[in-house]
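K.L.:
Sharing a structure here in structure tokens format.
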Amino acid sequence: GNIKSQVCRDMTTKRQEVLCVVEKAVESPQDFLNVIRKHASKTDSFDLQEFIQSLPKKQHEDLWKHLSGLTKTTIEKLAAAFSEEILQLDNTLLHILSGVVSFARCAIDQDTLVVPHMFTEAVQQLHDILLELSDLDGDLQNAISLLCEKWWSKGVEGKNELMPNTLSYLVARTLSTGAKQVDVKRLWAVRQAFLLLDFDDPSAGIMKTMLLSCCVHPLYLRCDQGRKLVSFMFGLHPAFVEDLHQSIKRVIPYCSRAHLKAYGDIYFRSWRFASGPYLKEIEDKCLQDLMYCAVHSSRYGTKSLFSALRLLLGQFQLQRNHKGVTEMFTRLYKPFLWRSLKVANACVRANAAALLFDGFPLCEPDVGKEEADELLQRQFDIMRDLLQDSGVVVRVTAILGVCKVVSTYWEMIPAIVIKTFLQELVENLAWDTASVDVRVAVMQGLCVVLENRMSHHLMKRILPLIHLRIHDTSEKVRLAFLDLLLVVKGLGTIKFWSICPVEHLLARMELDSIPVVKRITALLVESFQPSQTSKLKQLENCIALIEANPNAARRFYHLAVGHLSLDSIVHFILNLLEVVVECAKRSSGGRVSVPPTNGGGDVGVASEEAMDLEEDIENGQNDIGHWSGAEEGDHSVSQEELDLKLKDKTIITGLLETMVILWEGSRENLQQSKAKALRGRLVETVGRSLPILFDQFKGEEPARIALYLLSSHLPKKHITFLIKDALTSLSSPHGGQEYGSLLVALISWGQRDQVVKIIGSMVAQEFAQLKKGEEGRGGGGEHVVPVKNGGRKRGGLGKRSKSKEQSGGSSVQGSLALDMLSWMMAHPYCMGELRQAKQFWELSSTLKESMALIAHWSGQTAPPFLTKAFTCHMKMEMHRIADTEDRSSLQAIYDIMDWCVASVVPLLRESRMTPRAKRREGCPDHKGEVAYVVVERVMTLLGDMVMVGMTGAGVEMKIAAFCDIVMATAAGPALIPMACKVLYQLVEVSSRCELEGIHSVGGLRPAAIVLKRTLAVLQGMSLGTQDTFGKVWSQVRPCLVAAMVMGVRLHSLSLSSQEVPVFTALVEGVVQATVGRLREVWAPMSFHLNYHMCITLRQMFPDVWKTFHCL
């Protein structure tokens, strides 16, 4: 009892002390602040909330009487400081107000609230200065706002007077930089306070402006409470509804898809909960306005207004099951939709059609059955008319819309109507010759129809009618048709080959582009290479594919790697190898031996399957009948038919090529550590089989090419017996027939240096012979013109003459060496190995001798070997620059351009123009012909250098000057296509630098030099033969227009400078043109001019602006 009494006395003493401190807070503010610090401290036991809870009612009133006076005094001092413009405010005043807020927040959190009049007065005083604290103390301002929000949520008396400034603060806080979703949630919690505002009063103007900013702020659109709050704003005042709608409407063209969906949700919430005048305003001023704008808006561009409005209104369609949605759409569409479907503007008809399909079925729930059927039939009739509309965009929209309607409402649409629509699609629109987009839309629409399983029975009979679309002239249509077949394949109820025969698919696979072939492969992979099937069935499928179309088979297996597992690929390769080896054994009469692969053979690392294969071959137990007998009844062809097919050398070659293609496609996966066992199994088995196969296919060139490529994947120990033979074949003219496979194999076997040595020897020998022949001519000897090495594909040789001296056989070998060198530089793997060889870079010095021979050749026509050697030399220098990344190595390119200007360009100037019909105008004859070829090669390679980013501003100016010089010669007209390509690359690299923020010293000046010279040459050509000019113009116009358009776009970023070189060249060239065709450049380019660019042009060219404007 004594202890309890003592505790009570202590608590009473503490209460008296705190009350005394509060009473004297005006004179001793530090004592008051110390009490607040004790409350905030985690180490002190004093709790302000417990203190207030322990106060009796009388002391509670006394407390707030003193705190109210303290608040009033402190606010007066702050006001005095503002009036006297005191720069440094005393933070003690702000801390005192923070202390009062702390007392108030602890008091308002009590379970049993005691709210004296002075308490309300103190909080009201804090509310009155809430907005004035924004520049003084943001934390204090936020604390006061939280106090007022708590007051409102508790429903304490006087809450309405605390909301005006609180709402203003919260709205401004959500609009400030760094605002968070929690700020929007706080505003949502006090949303009912907005109903206290008088929106008719002029004083509400600022709040209305802030609310209009809220409805377009991304923060409100991202969170659910924000979207609900914007919807709530539509119920604040009828006149405010249209203001909100206009604010939203202004930002719709720039909104993302997520924001458009958010606005659709906002409009739906607003309409759903509205009534009376609010509902009328939302329907008439908002929704119907959006519908009308959607019908009459533009549908073109990456962000078309129609697409945005359609997406927004589509959120209502997602809620069409809600009562009144369909009736509302029918009523609001009625004044203009039906009329818009018949207007002359095709875009308006297409927009109206799209909205009709989105809203189908439009119906009025209050009408009778007869009127409802009449309205539904009216919609069907309009759909039929839209499918036959004269506008392409209308037909495309109608096709997609009708298919969506048919798929969604298959059960409710009469069968005769469905049949009519589908027949119109497959019999007429699928063969629409006027538009590719219409035919594509048919394929896409049929995919939509197939989403309804009830349509499959009818579609099974209809789809075969369009199978010839696989051969459509447009790739877009073929891709869309294959997408349709892929959808059919996934259904299971319709077989895709019943729609389009496999023969047609293979024909397209052989001829078509990669995107088409990828889809065909995805379509056929399960048919020709099923995952769960026997080895014999896989063999039959592979042979059938090779028999049907060998080229298609190659492309199929090249892309099938992406659809098969690595394990299945390896097993399939081993299965094919087993068959090919058995066929080789049979064709040799069973006398096949397996020679050692590495001196005596390192069999210690052989896999178990490899040893089994060797034993089977030696014992004669691995025949095809034995291999397939275990799976009797699983194959569809007889044993005799299979044996007969395997005797065909084309089939065997196809099997070998399939093995090569699958291994090459799986190279990267096989190099992974987890595939080590599979890789070892494959290498050992193939390595032991190669001697048999090479021995059997000695005279079969295609098979040996495949074997060389197959052996390129093997380590050196398995191919020792091949290296010497391959090097010998490479150095002989016969080796040219298979040099691609030989080079890959030799380099993969580590014979890189030997390959370079052979090529260098052949090139040096050819240079020596040419120098000797040149010296003989100088002494009066007769010159024998070397034979061109023509008619060869990938290194294949023409017929060999009986005498090397008479036929120029050395020239054939020299050209072959350069072909091999050029081929390796274009092959990523070979070039990656060559760049590490010192002898390879030394070969460039040898090839450089071609420059001297070309410049001083005394005969009529220099051998093609020299131009090839020069081209290879320049390519090697480009590779050197790319590898070293040292711009000082660009000196070699400078030397080449200087040599061309000094030694080759004079030959172009001296040459006369040939009148022969076989030669292009501007292409000189005799010595000038070689000079033209050299200059053409240089310009092509310089354009490639610019394209890959190997140049800088100085190099680009040098290239532009070089092009300007050579274009000024007699060969200028013939060099226009190359000049346009260089021009395009120069503009493109400048544009790329500008967009990436990289400062370009030269800017567009190099492009301007080339453009000005090109237009001058075209101007001169236009005065000559129009047929020749027309051919050249048709070739260069797309590239010329693209370069100019890119230049205009680049300058549209900033046109502050007075020097616009591309425009200068354009104006001088186009305005002075006497032929209308040159002005065709202006048409596509004019779309990219803006107002500031036109003003700049007018200031720069006042004399020609009138003529320029007329263009």
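Ligands are numbered from 1 in the order shown, residues from 1 within each chain, and chains are lettered A, B, ... in the order they appear in the structure tokens.
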Near Asp753 of chain A, counting only C-alpha atoms, which residues have an atom at most 12 Å away, once you skip same-chain residues fewer than 2 positions from it, shown as a PyMOL selection string?
P.N.:
chain A and resi 727+743+746-751+755-760+830+833-843
K.L.:
Could you write those residues out with C-alpha atoms, as a compact mmCIF listing (two decimals), in the first residue's frame?
P.N.:
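Saved result, selection.txt, follows:
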# COMPACT_ATOMS: atom_id res chain seq x y z
CA LEU A 727 47.34 -30.37 -98.59
CA LEU A 743 40.21 -25.09 -95.98
CA LEU A 746 42.83 -28.11 -92.64
CA ILE A 747 42.53 -25.05 -90.43
CA SER A 748 40.57 -26.98 -87.82
CA TRP A 749 43.35 -29.61 -87.90
CA GLY A 750 45.97 -26.97 -87.04
CA GLN A 751 47.38 -26.66 -90.58
CA VAL A 755 47.56 -23.35 -95.92
CA VAL A 756 48.93 -19.80 -95.87
CA LYS A 757 52.24 -21.06 -97.18
CA ILE A 758 50.60 -22.85 -100.13
CA ILE A 759 48.52 -19.80 -101.03
CA GLY A 760 51.54 -17.51 -100.71
CA CYS A 830 38.86 -19.30 -90.73
CA GLU A 833 42.45 -18.43 -86.98
CA LEU A 834 44.25 -16.55 -89.77
CA ARG A 835 44.52 -13.27 -87.89
CA GLN A 836 46.82 -15.06 -85.42
CA ALA A 837 49.25 -16.12 -88.16
CA LYS A 838 52.21 -13.87 -88.89
CA GLN A 839 52.59 -15.31 -92.41
CA PHE A 840 49.04 -14.23 -93.23
CA TRP A 841 49.81 -10.54 -92.64
CA GLU A 842 53.11 -10.86 -94.54
CA LEU A 843 51.09 -11.99 -97.54
K.L.:
Would you pick out the contacts of Val396 of chain A at 10 Å or less, using only C-alpha atoms, so that residues sharing its chain but fewer than 4 positions from it are not included, and give the list as a PDB file with all heavy atoms, in the first residue's frame?
P.N.:
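Okay, this is what ended up in part-v1.pdb:
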ATOM      1  N   ALA A 350     -13.602   2.611 -92.054  1.00  0.00           N
ATOM      2  CA  ALA A 350     -12.843   1.574 -91.361  1.00  0.00           C
ATOM      3  C   ALA A 350     -12.918   1.760 -89.851  1.00  0.00           C
ATOM      4  O   ALA A 350     -13.073   0.780 -89.097  1.00  0.00           O
ATOM      5  CB  ALA A 350     -11.386   1.597 -91.826  1.00  0.00           C
ATOM      6  N   LEU A 386     -19.247  -4.557 -95.884  1.00  0.00           N
ATOM      7  CA  LEU A 386     -17.886  -4.126 -95.550  1.00  0.00           C
ATOM      8  C   LEU A 386     -16.841  -5.080 -96.129  1.00  0.00           C
ATOM      9  O   LEU A 386     -15.751  -4.648 -96.533  1.00  0.00           O
ATOM     10  CB  LEU A 386     -17.720  -4.042 -94.030  1.00  0.00           C
ATOM     11  CG  LEU A 386     -18.483  -2.915 -93.328  1.00  0.00           C
ATOM     12  CD1 LEU A 386     -18.391  -3.057 -91.812  1.00  0.00           C
ATOM     13  CD2 LEU A 386     -17.957  -1.553 -93.759  1.00  0.00           C
ATOM     14  N   LEU A 387     -17.140  -6.377 -96.193  1.00  0.00           N
ATOM     15  CA  LEU A 387     -16.205  -7.331 -96.791  1.00  0.00           C
ATOM     16  C   LEU A 387     -16.003  -7.066 -98.272  1.00  0.00           C
ATOM     17  O   LEU A 387     -14.969  -7.442 -98.841  1.00  0.00           O
ATOM     18  CB  LEU A 387     -16.711  -8.758 -96.591  1.00  0.00           C
ATOM     19  CG  LEU A 387     -16.658  -9.309 -95.159  1.00  0.00           C
ATOM     20  CD1 LEU A 387     -17.317 -10.676 -95.099  1.00  0.00           C
ATOM     21  CD2 LEU A 387     -15.225  -9.392 -94.647  1.00  0.00           C
ATOM     22  N   ASP A 389     -16.177  -3.924 -99.584  1.00  0.00           N
ATOM     23  CA  ASP A 389     -15.919  -2.491 -99.714  1.00  0.00           C
ATOM     24  C   ASP A 389     -14.766  -2.236-100.685  1.00  0.00           C
ATOM     25  O   ASP A 389     -13.861  -3.062-100.850  1.00  0.00           O
ATOM     26  CB  ASP A 389     -15.581  -1.897 -98.344  1.00  0.00           C
ATOM     27  CG  ASP A 389     -15.669  -0.395 -98.323  1.00  0.00           C
ATOM     28  OD1 ASP A 389     -14.683   0.255 -98.735  1.00  0.00           O
ATOM     29  OD2 ASP A 389     -16.700   0.135 -97.916  1.00  0.00           O
ATOM     30  N   GLY A 391     -12.493   0.084-100.362  1.00  0.00           N
ATOM     31  CA  GLY A 391     -11.285   0.505 -99.655  1.00  0.00           C
ATOM     32  C   GLY A 391     -10.540  -0.665 -99.044  1.00  0.00           C
ATOM     33  O   GLY A 391     -11.137  -1.521 -98.382  1.00  0.00           O
ATOM     34  N   VAL A 392      -9.241  -0.692 -99.265  1.00  0.00           N
ATOM     35  CA  VAL A 392      -8.432  -1.800 -98.742  1.00  0.00           C
ATOM     36  C   VAL A 392      -8.475  -1.830 -97.225  1.00  0.00           C
ATOM     37  O   VAL A 392      -8.657  -2.889 -96.608  1.00  0.00           O
ATOM     38  CB  VAL A 392      -6.973  -1.674 -99.245  1.00  0.00           C
ATOM     39  CG1 VAL A 392      -6.078  -2.691 -98.544  1.00  0.00           C
ATOM     40  CG2 VAL A 392      -6.910  -1.865-100.741  1.00  0.00           C
ATOM     41  N   LEU A 400     -10.921  -9.013 -90.244  1.00  0.00           N
ATOM     42  CA  LEU A 400     -10.535  -9.322 -88.862  1.00  0.00           C
ATOM     43  C   LEU A 400     -11.737  -9.229 -87.920  1.00  0.00           C
ATOM     44  O   LEU A 400     -11.893 -10.050 -87.007  1.00  0.00           O
ATOM     45  CB  LEU A 400      -9.429  -8.371 -88.410  1.00  0.00           C
ATOM     46  CG  LEU A 400      -8.117  -8.455 -89.210  1.00  0.00           C
ATOM     47  CD1 LEU A 400      -7.132  -7.396 -88.727  1.00  0.00           C
ATOM     48  CD2 LEU A 400      -7.494  -9.835 -89.084  1.00  0.00           C
ATOM     49  N   GLY A 401     -12.601  -8.249 -88.166  1.00  0.00           N
ATOM     50  CA  GLY A 401     -13.773  -8.098 -87.307  1.00  0.00           C
ATOM     51  C   GLY A 401     -14.771  -9.219 -87.476  1.00  0.00           C
ATOM     52  O   GLY A 401     -15.302  -9.749 -86.489  1.00  0.00           O
ATOM     53  N   LEU A 429     -11.715 -13.065-101.034  1.00  0.00           N
ATOM     54  CA  LEU A 429     -10.749 -12.186-100.392  1.00  0.00           C
ATOM     55  C   LEU A 429      -9.373 -12.824-100.259  1.00  0.00           C
ATOM     56  O   LEU A 429      -8.359 -12.113-100.275  1.00  0.00           O
ATOM     57  CB  LEU A 429     -11.265 -11.785 -99.010  1.00  0.00           C
ATOM     58  CG  LEU A 429     -12.531 -10.927 -99.036  1.00  0.00           C
ATOM     59  CD1 LEU A 429     -13.086 -10.737 -97.643  1.00  0.00           C
ATOM     60  CD2 LEU A 429     -12.253  -9.578 -99.683  1.00  0.00           C
ATOM     61  N   SER A 435      -4.535  -6.126-103.065  1.00  0.00           N
ATOM     62  CA  SER A 435      -3.856  -5.769-101.820  1.00  0.00           C
ATOM     63  C   SER A 435      -3.292  -7.011-101.145  1.00  0.00           C
ATOM     64  O   SER A 435      -3.991  -8.024-100.988  1.00  0.00           O
ATOM     65  CB  SER A 435      -4.821  -5.062-100.863  1.00  0.00           C
ATOM     66  OG  SER A 435      -4.236  -4.867 -99.600  1.00  0.00           O
ATOM     67  N   VAL A 436      -2.041  -6.902-100.740  1.00  0.00           N
ATOM     68  CA  VAL A 436      -1.406  -7.958 -99.946  1.00  0.00           C
ATOM     69  C   VAL A 436      -2.002  -7.994 -98.548  1.00  0.00           C
ATOM     70  O   VAL A 436      -2.214  -9.068 -97.973  1.00  0.00           O
ATOM     71  CB  VAL A 436       0.112  -7.716 -99.888  1.00  0.00           C
ATOM     72  CG1 VAL A 436       0.770  -8.682 -98.913  1.00  0.00           C
ATOM     73  CG2 VAL A 436       0.740  -7.858-101.265  1.00  0.00           C
ATOM     74  N   ASP A 437      -2.298  -6.822 -98.004  1.00  0.00           N
ATOM     75  CA  ASP A 437      -2.811  -6.769 -96.634  1.00  0.00           C
ATOM     76  C   ASP A 437      -4.135  -7.501 -96.490  1.00  0.00           C
ATOM     77  O   ASP A 437      -4.423  -8.073 -95.436  1.00  0.00           O
ATOM     78  CB  ASP A 437      -2.975  -5.306 -96.203  1.00  0.00           C
ATOM     79  CG  ASP A 437      -1.649  -4.582 -96.088  1.00  0.00           C
ATOM     80  OD1 ASP A 437      -0.642  -5.281 -95.865  1.00  0.00           O
ATOM     81  OD2 ASP A 437      -1.612  -3.351 -96.226  1.00  0.00           O
ATOM     82  N   VAL A 438      -4.949  -7.477 -97.536  1.00  0.00           N
ATOM     83  CA  VAL A 438      -6.225  -8.179 -97.476  1.00  0.00           C
ATOM     84  C   VAL A 438      -5.997  -9.684 -97.377  1.00  0.00           C
ATOM     85  O   VAL A 438      -6.626 -10.376 -96.560  1.00  0.00           O
ATOM     86  CB  VAL A 438      -7.080  -7.837 -98.714  1.00  0.00           C
ATOM     87  CG1 VAL A 438      -8.327  -8.716 -98.767  1.00  0.00           C
ATOM     88  CG2 VAL A 438      -7.484  -6.372 -98.683  1.00  0.00           C
ATOM     89  N   ARG A 439      -5.084 -10.199 -98.181  1.00  0.00           N
ATOM     90  CA  ARG A 439      -4.813 -11.637 -98.146  1.00  0.00           C
ATOM     91  C   ARG A 439      -4.200 -12.046 -96.803  1.00  0.00           C
ATOM     92  O   ARG A 439      -4.500 -13.111 -96.266  1.00  0.00           O
ATOM     93  CB  ARG A 439      -3.879 -12.027 -99.304  1.00  0.00           C
ATOM     94  CG  ARG A 439      -4.423 -11.627-100.672  1.00  0.00           C
ATOM     95  CD  ARG A 439      -3.744 -12.372-101.792  1.00  0.00           C
ATOM     96  NE  ARG A 439      -2.331 -12.092-101.916  1.00  0.00           N
ATOM     97  CZ  ARG A 439      -1.791 -11.086-102.588  1.00  0.00           C
ATOM     98  NH1 ARG A 439      -2.582 -10.211-103.209  1.00  0.00           N
ATOM     99  NH2 ARG A 439      -0.482 -10.915-102.658  1.00  0.00           N
ATOM    100  N   VAL A 440      -3.332 -11.195 -96.272  1.00  0.00           N
ATOM    101  CA  VAL A 440      -2.760 -11.478 -94.947  1.00  0.00           C
ATOM    102  C   VAL A 440      -3.852 -11.476 -93.884  1.00  0.00           C
ATOM    103  O   VAL A 440      -3.878 -12.341 -92.994  1.00  0.00           O
ATOM    104  CB  VAL A 440      -1.669 -10.442 -94.610  1.00  0.00           C
ATOM    105  CG1 VAL A 440      -1.226 -10.590 -93.170  1.00  0.00           C
ATOM    106  CG2 VAL A 440      -0.483 -10.590 -95.538  1.00  0.00           C
ATOM    107  N   ALA A 441      -4.776 -10.529 -93.981  1.00  0.00           N
ATOM    108  CA  ALA A 441      -5.850 -10.439 -92.992  1.00  0.00           C
ATOM    109  C   ALA A 441      -6.722 -11.690 -93.021  1.00  0.00           C
ATOM    110  O   ALA A 441      -7.219 -12.125 -91.968  1.00  0.00           O
ATOM    111  CB  ALA A 441      -6.687  -9.193 -93.244  1.00  0.00           C
ATOM    112  N   VAL A 442      -6.917 -12.276 -94.208  1.00  0.00           N
ATOM    113  CA  VAL A 442      -7.709 -13.505 -94.288  1.00  0.00           C
ATOM    114  C   VAL A 442      -7.051 -14.619 -93.479  1.00  0.00           C
ATOM    115  O   VAL A 442      -7.709 -15.336 -92.708  1.00  0.00           O
ATOM    116  CB  VAL A 442      -7.887 -13.928 -95.763  1.00  0.00           C
ATOM    117  CG1 VAL A 442      -8.525 -15.309 -95.841  1.00  0.00           C
ATOM    118  CG2 VAL A 442      -8.736 -12.917 -96.509  1.00  0.00           C
ATOM    119  N   GLY A 445      -7.376 -13.832 -89.818  1.00  0.00           N
ATOM    120  CA  GLY A 445      -8.746 -13.995 -89.360  1.00  0.00           C
ATOM    121  C   GLY A 445      -9.143 -15.446 -89.205  1.00  0.00           C
ATOM    122  O   GLY A 445      -9.840 -15.817 -88.245  1.00  0.00           O
TER     123      GLY A 445
END
K.L.:
Contacts of Leu564 of chain A at 12 Å or less, counting only C-alpha atoms, minus same-chain residues fewer than 3 places along, as a list in words?
P.N.:
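With the cut-off at 12 Å, the set is Thr521, Ala522, Val525, Glu526, Phe528, Gln529, Pro530, Ser531, Gln532, Tyr557, His558, Leu559, Ala560, Val561, Asp567, Ser568, Ile569, Val570, His571, Phe572, Leu662, Gly665, Ser666 and Asn669 of chain A.
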